[in-house]
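Raw coords_28.pdb, PDB, C-alpha atoms:
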```
MODEL        1
ATOM      1  CA  MET Q   1       0.000   0.000   0.000
ATOM      2  CA  GLY Q   2       1.089   3.580  -0.526
ATOM      3  CA  GLY Q   3       2.643   5.416   2.413
ATOM      4  CA  GLY Q   4       5.747   3.835   3.809
ATOM      5  CA  ALA Q   5       4.560   3.703   7.420
ATOM      6  CA  VAL Q   6       1.423   1.623   6.790
ATOM      7  CA  GLY Q   7       2.116  -2.105   6.882
ATOM      8  CA  GLY Q   8       5.820  -1.582   7.675
ATOM      9  CA  GLN Q   9       7.981  -1.116  10.725
ATOM     10  CA  ALA Q  10       7.230   2.185  12.442
ATOM     11  CA  ARG Q  11      10.105   4.504  13.224
ATOM     12  CA  ARG Q  12      10.663   6.177  16.557
ATOM     13  CA  ARG Q  13      10.709   9.966  16.923
ATOM     14  CA  ARG Q  14      14.084  11.485  17.580
ATOM     15  CA  GLY Q  15      14.231  12.912  21.071
ATOM     16  CA  GLY Q  16      10.765  11.637  21.873
ATOM     17  CA  PRO Q  17       9.800   9.337  24.711
ATOM     18  CA  ARG Q  18      10.809   5.728  24.336
ATOM     19  CA  GLY Q  19       8.071   3.661  22.731
ATOM     20  CA  SER Q  20       6.351   6.516  20.850
ATOM     21  CA  ARG Q  21       5.285   5.554  17.341
ATOM     22  CA  LEU Q  22       4.457   7.281  14.082
ATOM     23  CA  ALA Q  23       2.175   4.532  12.746
ATOM     24  CA  ALA Q  24       0.683   1.154  13.499
ATOM     25  CA  ALA Q  25       2.844  -1.770  14.585
ATOM     26  CA  PRO Q  26       3.860  -4.267  11.887
ATOM     27  CA  GLY Q  27       1.676  -7.190  11.011
ATOM     28  CA  PRO Q  28      -1.253  -7.968   8.785
ATOM     29  CA  HIS Q  29      -3.883  -6.993  11.385
ATOM     30  CA  PRO Q  30      -4.078  -4.041  13.789
ATOM     31  CA  ARG Q  31      -3.678  -4.771  17.488
ATOM     32  CA  TRP Q  32      -6.564  -3.982  19.793
ATOM     33  CA  THR Q  33      -6.544  -3.364  23.512
ATOM     34  CA  ALA Q  34      -8.896  -5.059  25.932
ATOM     35  CA  GLY Q  35     -12.501  -3.981  25.546
ATOM     36  CA  GLU Q  36     -12.089  -2.784  21.933
ATOM     37  CA  THR Q  37     -13.617  -4.412  18.887
ATOM     38  CA  GLU Q  38     -12.744  -4.528  15.244
ATOM     39  CA  ALA Q  39     -15.677  -2.309  14.288
ATOM     40  CA  GLY Q  40     -13.243   0.315  12.954
ATOM     41  CA  VAL Q  41     -11.281   3.364  13.997
ATOM     42  CA  ASP Q  42     -11.667   7.071  13.314
ATOM     43  CA  LEU Q  43      -9.120   9.261  11.558
ATOM     44  CA  CYS Q  44      -7.197   9.772  14.775
ATOM     45  CA  GLY Q  45      -6.932   6.035  15.430
ATOM     46  CA  HIS Q  46      -9.546   5.940  18.199
ATOM     47  CA  PRO Q  47     -11.779   2.854  18.136
ATOM     48  CA  LEU Q  48     -15.391   3.582  17.248
ATOM     49  CA  SER Q  49     -16.559   1.398  20.127
ATOM     50  CA  ARG Q  50     -15.803   4.310  22.459
ATOM     51  CA  CYS Q  51     -18.521   6.486  20.876
ATOM     52  CA  ARG Q  52     -21.511   7.078  23.159
ATOM     53  CA  PRO Q  53     -24.998   6.575  21.622
ATOM     54  CA  GLY Q  54     -26.457   9.314  23.829
ATOM     55  CA  GLY Q  55     -23.998  11.865  22.522
ATOM     56  CA  ALA Q  56     -24.715  10.877  18.936
ATOM     57  CA  MET Q  57     -28.458  11.313  19.491
ATOM     58  CA  LYS Q  58     -27.917  14.793  20.955
ATOM     59  CA  VAL Q  59     -25.849  15.798  17.955
ATOM     60  CA  LEU Q  60     -28.504  14.400  15.593
ATOM     61  CA  LEU Q  61     -31.313  16.225  17.405
ATOM     62  CA  LEU Q  62     -29.462  19.541  17.450
ATOM     63  CA  THR Q  63     -28.614  19.159  13.781
ATOM     64  CA  GLY Q  64     -32.261  18.506  12.922
ATOM     65  CA  LEU Q  65     -33.489  21.507  14.919
ATOM     66  CA  GLY Q  66     -30.828  23.686  13.315
ATOM     67  CA  ALA Q  67     -31.920  22.547   9.857
ATOM     68  CA  LEU Q  68     -35.564  23.376  10.650
ATOM     69  CA  PHE Q  69     -34.601  26.824  11.934
ATOM     70  CA  PHE Q  70     -32.488  27.440   8.830
ATOM     71  CA  ALA Q  71     -35.283  26.327   6.494
ATOM     72  CA  TYR Q  72     -37.861  28.511   8.269
ATOM     73  CA  TYR Q  73     -35.833  31.722   8.111
ATOM     74  CA  TRP Q  74     -34.236  31.094   4.714
ATOM     75  CA  ASP Q  75     -35.002  33.769   2.136
ATOM     76  CA  ASP Q  76     -37.602  32.251  -0.207
ATOM     77  CA  ASN Q  77     -37.173  34.956  -2.906
ATOM     78  CA  PHE Q  78     -40.858  35.847  -2.771
ATOM     79  CA  ASN Q  79     -41.634  38.642  -5.227
ATOM     80  CA  PRO Q  80     -45.130  40.150  -4.711
ATOM     81  CA  ALA Q  81     -45.004  41.763  -8.161
ATOM     82  CA  SER Q  82     -45.017  38.300  -9.745
ATOM     83  CA  LEU Q  83     -48.676  37.913  -8.741
ATOM     84  CA  GLN Q  84     -49.885  41.117 -10.388
ATOM     85  CA  GLY Q  85     -52.205  40.086 -13.207
ATOM     86  CA  ALA Q  86     -52.049  36.404 -12.233
ATOM     87  CA  ARG Q  87     -55.221  34.327 -12.686
ATOM     88  CA  VAL Q  88     -56.251  32.641  -9.426
ATOM     89  CA  LEU Q  89     -59.113  30.234  -8.706
ATOM     90  CA  LEU Q  90     -59.951  29.986  -5.000
ATOM     91  CA  THR Q  91     -62.294  27.449  -3.399
ATOM     92  CA  GLY Q  92     -63.899  27.979  -0.008
ATOM     93  CA  ALA Q  93     -63.419  31.731  -0.354
ATOM     94  CA  SER Q  94     -66.382  32.940   1.729
ATOM     95  CA  ALA Q  95     -64.738  32.574   5.162
ATOM     96  CA  GLY Q  96     -61.591  31.622   7.058
ATOM     97  CA  VAL Q  97     -58.251  31.253   5.336
ATOM     98  CA  GLY Q  98     -59.950  31.157   1.905
ATOM     99  CA  GLU Q  99     -61.409  34.628   2.468
ATOM    100  CA  GLU Q 100     -58.034  35.932   3.661
ATOM    101  CA  LEU Q 101     -56.364  34.455   0.581
ATOM    102  CA  ALA Q 102     -58.830  36.334  -1.628
ATOM    103  CA  TYR Q 103     -58.043  39.634   0.104
ATOM    104  CA  HIS Q 104     -54.271  39.111  -0.151
ATOM    105  CA  TYR Q 105     -54.466  38.260  -3.849
ATOM    106  CA  ALA Q 106     -56.749  41.280  -4.448
ATOM    107  CA  ARG Q 107     -54.179  43.617  -2.866
ATOM    108  CA  LEU Q 108     -51.505  42.082  -5.104
ATOM    109  CA  GLY Q 109     -53.554  42.790  -8.239
ATOM    110  CA  SER Q 110     -54.539  39.241  -9.217
ATOM    111  CA  HIS Q 111     -57.595  38.278 -11.296
ATOM    112  CA  LEU Q 112     -59.881  36.136  -9.129
ATOM    113  CA  VAL Q 113     -62.501  33.440  -9.527
ATOM    114  CA  LEU Q 114     -64.021  32.645  -6.108
ATOM    115  CA  THR Q 115     -66.141  29.642  -5.133
ATOM    116  CA  ALA Q 116     -68.055  28.857  -1.929
ATOM    117  CA  HIS Q 117     -71.364  27.307  -0.886
ATOM    118  CA  THR Q 118     -72.970  30.460   0.594
ATOM    119  CA  GLU Q 119     -73.718  32.943  -2.195
ATOM    120  CA  ALA Q 120     -74.550  35.879   0.089
ATOM    121  CA  LEU Q 121     -71.210  35.639   1.907
ATOM    122  CA  LEU Q 122     -69.419  35.110  -1.385
ATOM    123  CA  GLN Q 123     -70.897  38.298  -2.843
ATOM    124  CA  LYS Q 124     -69.641  40.251   0.179
ATOM    125  CA  VAL Q 125     -66.106  38.899  -0.333
ATOM    126  CA  VAL Q 126     -66.284  39.772  -4.043
ATOM    127  CA  GLY Q 127     -67.190  43.368  -3.192
ATOM    128  CA  ASN Q 128     -64.325  43.641  -0.694
ATOM    129  CA  CYS Q 129     -61.845  42.245  -3.245
ATOM    130  CA  ARG Q 130     -62.877  44.873  -5.778
ATOM    131  CA  LYS Q 131     -62.358  47.613  -3.211
ATOM    132  CA  LEU Q 132     -58.886  46.232  -2.439
ATOM    133  CA  GLY Q 133     -57.805  46.530  -6.070
ATOM    134  CA  ALA Q 134     -58.523  43.224  -7.810
ATOM    135  CA  PRO Q 135     -58.811  43.968 -11.570
ATOM    136  CA  LYS Q 136     -61.469  41.294 -12.179
ATOM    137  CA  VAL Q 137     -63.462  39.165  -9.738
ATOM    138  CA  PHE Q 138     -65.947  36.412 -10.622
ATOM    139  CA  TYR Q 139     -67.709  33.957  -8.339
ATOM    140  CA  ILE Q 140     -69.402  30.547  -8.529
ATOM    141  CA  ALA Q 141     -71.666  29.288  -5.751
ATOM    142  CA  ALA Q 142     -70.983  25.575  -5.155
ATOM    143  CA  ASP Q 143     -71.389  23.258  -2.163
ATOM    144  CA  MET Q 144     -68.133  21.595  -1.100
ATOM    145  CA  ALA Q 145     -68.830  21.323   2.616
ATOM    146  CA  SER Q 146     -68.866  17.554   3.213
ATOM    147  CA  PRO Q 147     -65.491  15.748   3.387
ATOM    148  CA  GLU Q 148     -66.331  13.381   0.504
ATOM    149  CA  VAL Q 149     -67.577  16.160  -1.770
ATOM    150  CA  ASN Q 150     -64.585  18.273  -0.741
ATOM    151  CA  PHE Q 151     -62.099  15.593  -1.830
ATOM    152  CA  LEU Q 152     -63.875  14.734  -5.079
ATOM    153  CA  SER Q 153     -64.167  18.400  -6.001
ATOM    154  CA  TYR Q 154     -60.393  18.782  -5.655
ATOM    155  CA  VAL Q 155     -59.884  15.843  -7.990
ATOM    156  CA  GLN Q 156     -62.382  17.087 -10.579
ATOM    157  CA  LEU Q 157     -61.127  20.682 -10.552
ATOM    158  CA  THR Q 158     -57.534  19.481 -10.893
ATOM    159  CA  SER Q 159     -58.405  17.232 -13.831
ATOM    160  CA  LEU Q 160     -60.162  20.097 -15.618
ATOM    161  CA  ALA Q 161     -57.455  22.686 -14.897
ATOM    162  CA  LEU Q 162     -54.400  20.522 -15.564
ATOM    163  CA  PRO Q 163     -54.251  21.008 -19.371
ATOM    164  CA  SER Q 164     -54.344  24.800 -18.982
ATOM    165  CA  LEU Q 165     -51.828  24.702 -16.132
ATOM    166  CA  THR Q 166     -49.516  22.569 -18.257
ATOM    167  CA  ASP Q 167     -49.568  25.103 -21.100
ATOM    168  CA  SER Q 168     -48.992  28.061 -18.747
ATOM    169  CA  ARG Q 169     -46.567  26.258 -16.412
ATOM    170  CA  GLY Q 170     -48.872  27.131 -13.551
ATOM    171  CA  SER Q 171     -49.162  25.783 -10.035
ATOM    172  CA  LEU Q 172     -51.616  24.029  -7.735
ATOM    173  CA  VAL Q 173     -51.754  25.227  -4.121
ATOM    174  CA  VAL Q 174     -53.608  22.743  -1.916
ATOM    175  CA  VAL Q 175     -54.681  23.927   1.529
ATOM    176  CA  SER Q 176     -54.771  20.830   3.687
ATOM    177  CA  SER Q 177     -54.435  20.298   7.422
ATOM    178  CA  LEU Q 178     -52.196  18.734  10.026
ATOM    179  CA  LEU Q 179     -54.946  16.114  10.331
ATOM    180  CA  GLY Q 180     -53.977  14.962   6.844
ATOM    181  CA  ARG Q 181     -50.529  13.971   8.142
ATOM    182  CA  VAL Q 182     -51.103  13.133  11.823
ATOM    183  CA  PRO Q 183     -54.299  11.261  12.846
ATOM    184  CA  THR Q 184     -56.211  12.961  15.648
ATOM    185  CA  SER Q 185     -58.981  11.749  17.909
ATOM    186  CA  PHE Q 186     -62.654  12.554  17.180
ATOM    187  CA  SER Q 187     -61.989  13.711  13.594
ATOM    188  CA  SER Q 188     -62.181  10.518  11.528
ATOM    189  CA  PRO Q 189     -64.173  11.769   8.462
ATOM    190  CA  TYR Q 190     -62.255  15.040   8.191
ATOM    191  CA  SER Q 191     -58.877  13.388   8.763
ATOM    192  CA  ALA Q 192     -59.645  10.681   6.193
ATOM    193  CA  ALA Q 193     -60.511  13.313   3.562
ATOM    194  CA  LYS Q 194     -57.268  15.210   4.222
ATOM    195  CA  PHE Q 195     -55.185  12.019   4.083
ATOM    196  CA  ALA Q 196     -56.842  11.290   0.731
ATOM    197  CA  LEU Q 197     -55.858  14.759  -0.512
ATOM    198  CA  ASP Q 198     -52.256  14.225   0.536
ATOM    199  CA  GLY Q 199     -52.137  10.846  -1.207
ATOM    200  CA  PHE Q 200     -53.760  12.077  -4.420
ATOM    201  CA  PHE Q 201     -51.582  15.151  -4.890
ATOM    202  CA  GLY Q 202     -48.446  13.347  -3.760
ATOM    203  CA  SER Q 203     -49.035  10.721  -6.446
ATOM    204  CA  LEU Q 204     -49.896  13.379  -9.035
ATOM    205  CA  ARG Q 205     -46.677  15.275  -8.286
ATOM    206  CA  ARG Q 206     -44.633  12.145  -9.045
ATOM    207  CA  GLU Q 207     -46.523  11.526 -12.276
ATOM    208  CA  LEU Q 208     -45.841  15.097 -13.411
ATOM    209  CA  ASP Q 209     -42.164  14.762 -12.522
ATOM    210  CA  VAL Q 210     -41.846  11.525 -14.488
ATOM    211  CA  GLN Q 211     -43.495  13.114 -17.535
ATOM    212  CA  ASP Q 212     -41.384  16.286 -17.152
ATOM    213  CA  VAL Q 213     -44.487  18.486 -16.826
ATOM    214  CA  ASN Q 214     -43.677  21.857 -15.280
ATOM    215  CA  VAL Q 215     -46.683  22.237 -12.962
ATOM    216  CA  ALA Q 216     -45.839  22.880  -9.320
ATOM    217  CA  ILE Q 217     -47.886  21.377  -6.484
ATOM    218  CA  THR Q 218     -47.649  23.059  -3.079
ATOM    219  CA  MET Q 219     -49.170  21.154  -0.148
ATOM    220  CA  CYS Q 220     -50.031  23.471   2.756
ATOM    221  CA  VAL Q 221     -50.305  21.899   6.204
ATOM    222  CA  LEU Q 222     -52.227  24.286   8.435
ATOM    223  CA  GLY Q 223     -53.546  24.099  11.967
ATOM    224  CA  LEU Q 224     -56.975  24.837  13.346
ATOM    225  CA  ARG Q 225     -58.547  27.690  11.401
ATOM    226  CA  ASP Q 226     -59.887  30.746  13.206
ATOM    227  CA  ARG Q 227     -63.364  30.475  11.731
ATOM    228  CA  ALA Q 228     -66.677  29.914  13.459
ATOM    229  CA  GLU Q 229     -67.394  26.499  11.934
ATOM    230  CA  ALA Q 230     -63.976  25.094  12.867
ATOM    231  CA  ALA Q 231     -64.137  26.449  16.403
ATOM    232  CA  GLU Q 232     -67.653  25.111  16.926
ATOM    233  CA  GLY Q 233     -66.686  21.695  15.582
ATOM    234  CA  VAL Q 234     -64.039  21.184  18.249
ATOM    235  CA  ARG Q 235     -65.594  23.176  21.082
ATOM    236  CA  GLY Q 236     -65.157  21.286  24.334
ATOM    237  CA  VAL Q 237     -62.930  18.678  22.683
ATOM    238  CA  THR Q 238     -59.522  20.201  22.007
ATOM    239  CA  ARG Q 239     -57.375  22.732  23.828
ATOM    240  CA  ALA Q 240     -55.541  23.740  20.635
ATOM    241  CA  ARG Q 241     -55.669  27.410  19.684
ATOM    242  CA  ALA Q 242     -56.781  28.565  16.266
ATOM    243  CA  ALA Q 243     -54.148  29.892  13.874
ATOM    244  CA  PRO Q 244     -54.638  33.506  12.709
ATOM    245  CA  GLY Q 245     -56.152  33.537   9.232
ATOM    246  CA  PRO Q 246     -54.216  36.481   7.670
ATOM    247  CA  LYS Q 247     -50.790  35.103   8.648
ATOM    248  CA  ALA Q 248     -51.646  31.573   7.539
ATOM    249  CA  ALA Q 249     -52.964  32.902   4.220
ATOM    250  CA  LEU Q 250     -49.779  34.900   3.614
ATOM    251  CA  ALA Q 251     -47.672  31.780   4.262
ATOM    252  CA  VAL Q 252     -49.773  29.902   1.686
ATOM    253  CA  ILE Q 253     -49.329  32.658  -0.908
ATOM    254  CA  ARG Q 254     -45.568  32.823  -0.388
ATOM    255  CA  GLY Q 255     -45.269  29.060  -0.792
ATOM    256  CA  GLY Q 256     -47.375  29.014  -3.949
ATOM    257  CA  ALA Q 257     -45.573  31.965  -5.542
ATOM    258  CA  THR Q 258     -42.157  30.392  -4.958
ATOM    259  CA  ARG Q 259     -43.421  26.954  -6.107
ATOM    260  CA  ALA Q 260     -42.428  25.344  -2.815
ATOM    261  CA  SER Q 261     -43.316  21.677  -2.387
ATOM    262  CA  GLY Q 262     -44.762  22.221   1.091
ATOM    263  CA  VAL Q 263     -45.846  24.907   3.544
ATOM    264  CA  PHE Q 264     -46.208  24.327   7.291
ATOM    265  CA  TYR Q 265     -47.997  26.917   9.422
ATOM    266  CA  PRO Q 266     -47.205  27.229  12.252
ATOM    267  CA  TRP Q 267     -43.655  26.049  11.361
ATOM    268  CA  ARG Q 268     -43.541  23.582  14.260
ATOM    269  CA  PHE Q 269     -45.979  21.378  12.334
ATOM    270  CA  ARG Q 270     -43.061  20.253  10.191
ATOM    271  CA  LEU Q 271     -41.449  18.821  13.320
ATOM    272  CA  LEU Q 272     -44.713  17.151  14.374
ATOM    273  CA  CYS Q 273     -44.942  15.442  10.984
ATOM    274  CA  LEU Q 274     -41.385  14.144  11.406
ATOM    275  CA  LEU Q 275     -42.119  12.891  14.913
ATOM    276  CA  ARG Q 276     -45.120  10.991  13.617
ATOM    277  CA  GLY Q 277     -42.735   8.693  11.734
ATOM    278  CA  TRP Q 278     -40.817   7.973  14.946
ATOM    279  CA  LEU Q 279     -43.896   7.640  17.187
ATOM    280  CA  PRO Q 280     -46.666   6.210  14.973
ATOM    281  CA  ARG Q 281     -48.764   5.217  18.016
ATOM    282  CA  PRO Q 282     -48.352   7.757  20.835
ATOM    283  CA  ARG Q 283     -49.510   6.817  24.290
ATOM    284  CA  ALA Q 284     -53.110   7.693  25.191
ATOM    285  CA  TRP Q 285     -52.053   9.923  28.086
ATOM    286  CA  PHE Q 286     -49.977  12.004  25.682
ATOM    287  CA  ILE Q 287     -52.926  12.498  23.321
ATOM    288  CA  ARG Q 288     -55.204  13.542  26.176
ATOM    289  CA  GLN Q 289     -52.948  16.519  26.913
ATOM    290  CA  GLU Q 290     -54.544  18.276  23.917
ATOM    291  CA  LEU Q 291     -58.090  17.029  24.575
ATOM    292  CA  ASN Q 292     -60.742  17.834  27.143
ATOM    293  CA  VAL Q 293     -61.446  14.157  27.742
ATOM    294  CA  THR Q 294     -60.474  11.778  30.494
ATOM    295  CA  ALA Q 295     -59.927   8.065  30.656
ATOM    296  CA  ALA Q 296     -62.999   5.941  31.308
ATOM    297  CA  PRO Q 297     -63.220   4.642  34.906
ATOM    298  CA  ALA Q 298     -61.976   1.108  35.349
ATOM    299  CA  ALA Q 299     -64.604  -1.581  35.788
ATOM    300  CA  ALA Q 300     -65.042  -2.806  39.336
TER     301      ALA Q 300
ENDMDL
END
```
For the file at hand, write its structure as structure tokens.
Amino acid sequence: MGGGAVGGQARRRRGGPRGSRLAAAPGPHPRWTAGETEAGVDLCGHPLSRCRPGGAMKVLLLTGLGALFFAYYWDDNFNPASLQGARVLLTGASAGVGEELAYHYARLGSHLVLTAHTEALLQKVVGNCRKLGAPKVFYIAADMASPEVNFLSYVQLTSLALPSLTDSRGSLVVVSSLLGRVPTSFSSPYSAAKFALDGFFGSLRRELDVQDVNVAITMCVLGLRDRAEAAEGVRGVTRARAAPGPKAALAVIRGGATRASGVFYPWRFRLLCLLRGWLPRPRAWFIRQELNVTAAPAAA
């Protein structure tokens, strides 16, 4: 092997203490001291068996947290002017984060088509968008309230819009929920619909990549919305606080404009989604910390 010291007799340092060596002792195999194994050595010659698992886990955890912090504060090159004159179709635009999205896009000068199931509320949002500067605003009253209809409407709208998006190299921004990544108690129908959304658009993204189609898909994982229906649906069940609509909507717009693959708001939801892979079945006592429920009394 190259390097005269390896595999040959080591020379002593001049003036150094007797027995000091520049390289390994001769012989076909390295010599190990008691308690060491032949798992390998590091660059300094220290056996890897001396590494502590606890220390390695701390380093891994700190590295992961540092990466999340870096990703959250990294400049995403969002240019608001890029949305001036853009054509945007928004579903569920009569309340909550959908309404806030409409107002943000109107301020940025986008052309809007708004859909929701309550026409009176939708007309009010249309009027506000015009006052905020939207060049053109149209609306379509459609019922997408139930989880099944909600999922199927996403699929149908995507199928109809995909040819146009392919020609214009557009993007799909899907507002989902943490319940589409992490199952939660007392939300089976809603959680199932959101998991279906995640699976459908995740599969579609891969198909577009394979076919080299330049249509971006941004999956937005949001928390509890600050809207009356959402708050009423979980009243007395969860202790979780609702996320502010304007800030969540702005995070969605930034992610869609920069063609990001995913948006997490609040940002800690990214960490929760990672933890779900490590703890697929959390203990019941841990789940109850976020719920206003108690364990059933034991049978006598």
### Residue among Q:Leu162, Q:Val155, Q:Val210, Q:Cys220 lying closest to Arg254 in chain Q, counting all atoms listed in the file
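Going through Q:Leu162, Q:Val155, Q:Val210, Q:Cys220 one by one, the smallest distance to Arg254 in chain Q is for Q:Cys220.
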## Note on the structure
Using only C-alpha atoms, the shortest atom-to-atom distance to Ile217 in chain Q among Q:Gly96, Q:Gly133, Q:Pro266, Q:Gly256 belongs to Q:Gly256
Could you work out an axis-aligned box for range 135-138 of chain Q, taking every atom the file lists and adding 3 Å on each side, and report centre and edge lengths in Å to one decimal, as JSON?
```
{"center_x": -62.4, "center_y": 40.2, "center_z": -11.0, "size_x": 13.1, "size_y": 13.6, "size_z": 8.4}
```
### Task
Report as a ChimeraX atom specification the residues that result from applying the PyMOL selection byres ((chain Q and resi 250) around 12) to the structure here.
/Q:78,80,97-105,107-108,220,222,244-249,251-257,263-266
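Candidate residues Q:Val173, Q:Leu114, Q:Leu90, Q:Ala142 were compared for distance to Gly127 in chain Q, and the nearest is Q:Leu114, using all atoms listed in the file.
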### Query
Taking all atoms listed in the file into account, which of Q:Arg205, Q:Lys131, Q:Arg181, Q:Lys136 comes nearest His111 in chain Q?
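Among the listed residues, Q:Lys136 lies closest to His111 in chain Q.
CA of Leu152 in chain Q sits 15.2 Å away from CA of His117 in chain Q.
One distance worth recording is that between CA of Thr184 in chain Q and CA of Gly223 in chain Q, which is 12.0 Å.
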### Task
Please provide the set of residues having any atom within 12 Å of Val215 in chain Q, restricted to all atoms listed in the file, with same-chain residues fewer than 5 positions apart removed, written as a list in words.
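The neighbour list is Thr158, Ala161, Leu162, Pro163, Ser164, Leu165, Thr166, Asp167, Ser168, Arg169, Gly170, Ser171, Leu172, Val173, Phe201, Leu204, Arg205, Arg206, Glu207, Leu208, Asp209, Val210, Gly256, Arg259, Ala260 and Ser261 of chain Q.
When CA of Ala216 in chain Q is paired with CA of Ser203 in chain Q, their separation reads 12.9 Å.
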### Task
For the file shown, report as an NGL selection string the outcome of the PyMOL selection byres ((chain Q and resi 120-124) around 8) at residue level.
:Q and (93-95 or 114-116 or 118-119 or 125-128 or 139 or 141)
### Message
Which residues are near Ser176 in chain Q? Cut-off 8 Å, only C-alpha atoms, ignore same chain within fewer than 6 positions. Put them as an NGL selection string.
### Response
:Q and (194 or 197-198 or 219-222)
### Message
I'd like the neighbourhood of Ser110 in chain Q as a PyMOL selection string, where a residue qualifies if any of its atoms comes within 8 Å (using all atoms listed in the file), though same-chain residues fewer than 2 positions away should be ignored.
### Response
chain Q and resi 83-88+105-108+112+134-136
### Query
Which residues match the PyMOL selection byres ((chain Q and resi 195) around 9) in the file above, as a list in words?
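On the file shown, the PyMOL selection byres ((chain Q and resi 195) around 9) covers Ser176, Ser177, Leu179, Gly180, Arg181, Val182, Pro183, Tyr190, Ser191, Ala192, Ala193, Lys194, Ala196, Leu197, Asp198, Gly199 and Phe200 of chain Q.
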Include C-alpha atoms and write out the residues we just selected as a PDB file, in the coordinates of the input.
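Once written, result-v3.pdb looks like this:
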```
ATOM      1  CA  SER Q 176     -54.771  20.830   3.687  1.00  0.00           C
ATOM      2  CA  SER Q 177     -54.435  20.298   7.422  1.00  0.00           C
ATOM      3  CA  LEU Q 179     -54.946  16.114  10.331  1.00  0.00           C
ATOM      4  CA  GLY Q 180     -53.977  14.962   6.844  1.00  0.00           C
ATOM      5  CA  ARG Q 181     -50.529  13.971   8.142  1.00  0.00           C
ATOM      6  CA  VAL Q 182     -51.103  13.133  11.823  1.00  0.00           C
ATOM      7  CA  PRO Q 183     -54.299  11.261  12.846  1.00  0.00           C
ATOM      8  CA  TYR Q 190     -62.255  15.040   8.191  1.00  0.00           C
ATOM      9  CA  SER Q 191     -58.877  13.388   8.763  1.00  0.00           C
ATOM     10  CA  ALA Q 192     -59.645  10.681   6.193  1.00  0.00           C
ATOM     11  CA  ALA Q 193     -60.511  13.313   3.562  1.00  0.00           C
ATOM     12  CA  LYS Q 194     -57.268  15.210   4.222  1.00  0.00           C
ATOM     13  CA  ALA Q 196     -56.842  11.290   0.731  1.00  0.00           C
ATOM     14  CA  LEU Q 197     -55.858  14.759  -0.512  1.00  0.00           C
ATOM     15  CA  ASP Q 198     -52.256  14.225   0.536  1.00  0.00           C
ATOM     16  CA  GLY Q 199     -52.137  10.846  -1.207  1.00  0.00           C
ATOM     17  CA  PHE Q 200     -53.760  12.077  -4.420  1.00  0.00           C
TER      18      PHE Q 200
END
```
Reconstruct range 189-199 of chain Q at the level of N, CA, C and O atoms, and format the result as a compact mmCIF listing (two decimals), keeping the file's coordinate frame.
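For reference, out.txt as written:
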```txt
# COMPACT_ATOMS: atom_id res chain seq x y z
N PRO Q 189 -63.81 11.42 9.86
CA PRO Q 189 -64.17 11.77 8.46
C PRO Q 189 -63.29 12.87 7.89
O PRO Q 189 -62.82 12.77 6.75
N TYR Q 190 -63.07 13.92 8.67
CA TYR Q 190 -62.26 15.04 8.19
C TYR Q 190 -60.81 14.61 7.95
O TYR Q 190 -60.20 14.94 6.93
N SER Q 191 -60.26 13.85 8.89
CA SER Q 191 -58.88 13.39 8.76
C SER Q 191 -58.73 12.46 7.56
O SER Q 191 -57.74 12.54 6.82
N ALA Q 192 -59.71 11.59 7.33
CA ALA Q 192 -59.64 10.68 6.19
C ALA Q 192 -59.64 11.45 4.88
O ALA Q 192 -58.90 11.11 3.94
N ALA Q 193 -60.46 12.51 4.79
CA ALA Q 193 -60.51 13.31 3.56
C ALA Q 193 -59.18 14.01 3.32
O ALA Q 193 -58.71 14.09 2.17
N LYS Q 194 -58.55 14.51 4.38
CA LYS Q 194 -57.27 15.21 4.22
C LYS Q 194 -56.14 14.23 3.89
O LYS Q 194 -55.23 14.57 3.13
N PHE Q 195 -56.17 13.04 4.46
CA PHE Q 195 -55.18 12.02 4.08
C PHE Q 195 -55.35 11.65 2.60
O PHE Q 195 -54.35 11.42 1.90
N ALA Q 196 -56.60 11.59 2.14
CA ALA Q 196 -56.84 11.29 0.73
C ALA Q 196 -56.27 12.39 -0.16
O ALA Q 196 -55.69 12.11 -1.22
N LEU Q 197 -56.43 13.64 0.25
CA LEU Q 197 -55.86 14.76 -0.51
C LEU Q 197 -54.34 14.63 -0.61
O LEU Q 197 -53.75 14.80 -1.69
N ASP Q 198 -53.71 14.34 0.51
CA ASP Q 198 -52.26 14.22 0.54
C ASP Q 198 -51.79 13.09 -0.38
O ASP Q 198 -50.80 13.23 -1.11
N GLY Q 199 -52.51 11.97 -0.36
CA GLY Q 199 -52.14 10.85 -1.21
C GLY Q 199 -52.35 11.14 -2.68
O GLY Q 199 -51.50 10.81 -3.52
```
